[in-house]
Amino acid sequence: MKKRFFSLVFMVFICLHYYTQTDSVYYGDPAKDTIRKPRQEKNRDWLDKVTYGGNFQLSFGTYTNIYLAPTIGYTPFKRFNFGVGFIYNYVSINYSGYGRFEQTIYGGTSYARYYFGESFFAQAQFDHLLQPNVFNYNNPKEKVWVDYFLVGGGYRQMIGKNAALVTSIMVNLTPTSLSLYPNPIFQIGFVGGF
């Protein structure tokens, strides 16, 4: 009987050293999630309504002109687009023996454009430019801020799904003696979207 008792105790101790499969359901341990959850897509619908574009001109030589006017806009409704931008214009003219004339003009621009159909549009534009004061003969480097309020219309020619060439004719409604814009103003530009 003693032999059986010791054999039984010995067997129990040996069995305690072996581990069997443990199921977390019985012990309440949370099971690890091995399935990856897909990433939620970010809402990028607003990006489809963002536009970019502008105008630029480059010419080099006796007459050098660098004109950059990038814009960024937003289309809250199908036919309405508004935006803001920056204007930079550098002009240098070499008068062969009489010297060189240079001027830099820069400032901000904003616009609102309404489309009639797919191609034609009406536009209002406001430019606020820091430019030379051509009437100050004592200090030719003096600069003044001049406002331009332009209205007009134009045509948009699509050149892809999200890009177009834009031509417009604008009229300066606030001409002054300091105005650099002629009347009317003919513009060619580019508009794109994301």
# chains A, B, ... in the order shown; residues from 1 in each chain; ligands from 1
call {"tool": "residues_around", "arguments": {"residues": "Phe126 in chain A", "least_positions_apart": "3", "cutoff": "9 Å", "atoms": "only C-alpha atoms", "output": "VMD selection string"}}
result
chain A and resid 108 to 111 147 to 151
call {"tool": "closest_atom_pairs", "arguments": {"of": "range 36-124 of chain A", "to": "range 185-191 of chain A", "cutoff": "7 Å", "atoms": "only C-alpha atoms", "output": "JSON lines"}}
result
{"residue": "A:Thr51", "atom": "CA", "partner": "A:Val191", "partner_atom": "CA", "distance": 6.8}
{"residue": "A:Tyr52", "atom": "CA", "partner": "A:Val191", "partner_atom": "CA", "distance": 5.7}
{"residue": "A:Gly53", "atom": "CA", "partner": "A:Val191", "partner_atom": "CA", "distance": 4.3}
{"residue": "A:Gly54", "atom": "CA", "partner": "A:Gly189", "partner_atom": "CA", "distance": 5.5}
{"residue": "A:Asn55", "atom": "CA", "partner": "A:Gly189", "partner_atom": "CA", "distance": 4.7}
call {"tool": "closest_residue", "arguments": {"among": "A:Asn183, A:Gln103, A:Asn139, A:Gln125", "to": "Phe82 in chain A", "atoms": "only C-alpha atoms"}}
result
A:Gln125
call {"tool": "atom_distance", "arguments": {"atom1": "CA of Lys49 in chain A", "atom2": "CA of His128 in chain A"}}
result
25.8 Å
call {"tool": "select_by_dssp", "arguments": {"residues": "range 18-170 of chain A", "states": "alpha helix (DSSP H)", "output": "list of chain:residue names"}}
result
A:Ser24, A:Val25, A:Tyr26, A:Tyr27
call {"tool": "write_last_selection", "arguments": {"atoms": "N, CA and C atoms", "output": "PDB file, in the first residue's frame"}}
result
ATOM      1  N   SER A  24      -7.402  30.546 -23.305  1.00  0.00           N
ATOM      2  CA  SER A  24      -7.674  31.786 -22.602  1.00  0.00           C
ATOM      3  C   SER A  24      -9.147  31.961 -22.287  1.00  0.00           C
ATOM      4  N   VAL A  25      -9.992  31.209 -22.953  1.00  0.00           N
ATOM      5  CA  VAL A  25     -11.424  31.337 -22.687  1.00  0.00           C
ATOM      6  C   VAL A  25     -11.724  30.951 -21.241  1.00  0.00           C
ATOM      7  N   TYR A  26     -11.039  29.927 -20.722  1.00  0.00           N
ATOM      8  CA  TYR A  26     -11.302  29.457 -19.374  1.00  0.00           C
ATOM      9  C   TYR A  26     -10.729  30.380 -18.304  1.00  0.00           C
ATOM     10  N   TYR A  27      -9.689  31.119 -18.652  1.00  0.00           N
ATOM     11  CA  TYR A  27      -9.040  31.948 -17.664  1.00  0.00           C
ATOM     12  C   TYR A  27      -9.387  33.431 -17.797  1.00  0.00           C
TER      13      TYR A  27
END
call {"tool": "atom_distance", "arguments": {"atom1": "CA of Gly152 in chain A", "atom2": "CA of Pro182 in chain A"}}
result
13.7 Å
call {"tool": "closest_residue", "arguments": {"among": "A:Tyr114, A:Phe101, A:Phe135, A:Tyr106", "to": "Gly153 in chain A", "atoms": "only C-alpha atoms"}}
result
A:Tyr114
call {"tool": "closest_residue", "arguments": {"among": "A:Glu102, A:Ser168, A:Arg156, A:Val146", "to": "Asn133 in chain A", "atoms": "only C-alpha atoms"}}
result
A:Val146
call {"tool": "residues_around", "arguments": {"residues": "Met158 in chain A", "least_positions_apart": "2", "cutoff": "10 Å", "atoms": "only C-alpha atoms", "output": "PyMOL selection string"}}
result
chain A and resi 118-119+155-156+160-166+190-192
call {"tool": "residues_around", "arguments": {"residues": "Tyr90 in chain A", "least_positions_apart": "5", "cutoff": "8 Å", "atoms": "only C-alpha atoms", "output": "PyMOL selection string"}}
result
chain A and resi 64-67+102-105
call {"tool": "residues_around", "arguments": {"residues": "Arg79 in chain A", "least_positions_apart": "3", "cutoff": "8 Å", "atoms": "only C-alpha atoms", "output": "PyMOL selection string"}}
result
chain A and resi 75+114-116
call {"tool": "write_last_selection", "arguments": {"atoms": "C-alpha atoms", "output": "compact mmCIF listing (two decimals), in the first residue's frame"}}
result
# COMPACT_ATOMS: atom_id res chain seq x y z
CA THR A 75 -14.67 75.52 -55.73
CA TYR A 114 -18.52 82.10 -62.15
CA TYR A 115 -18.87 79.62 -65.03
CA PHE A 116 -21.70 79.69 -67.55
call {"tool": "atom_distance", "arguments": {"atom1": "CA of Ser179 in chain A", "atom2": "CA of Gly97 in chain A"}}
result
28.6 Å
call {"tool": "closest_residue", "arguments": {"among": "A:Arg113, A:Val134, A:Gln157, A:Phe77", "to": "Ser177 in chain A", "atoms": "only C-alpha atoms"}}
result
A:Val134
call {"tool": "select_by_dssp", "arguments": {"residues": "range 39-174 of chain A", "states": "strand (DSSP E)", "output": "number ranges by chain"}}
result
A: 50-59, 63-77, 80-94, 100-116, 120-132, 143-158, 163-172
call {"tool": "closest_residue", "arguments": {"among": "A:Pro184, A:Ser96, A:Val50, A:Gly117", "to": "Gly83 in chain A", "atoms": "only C-alpha atoms"}}
result
A:Val50
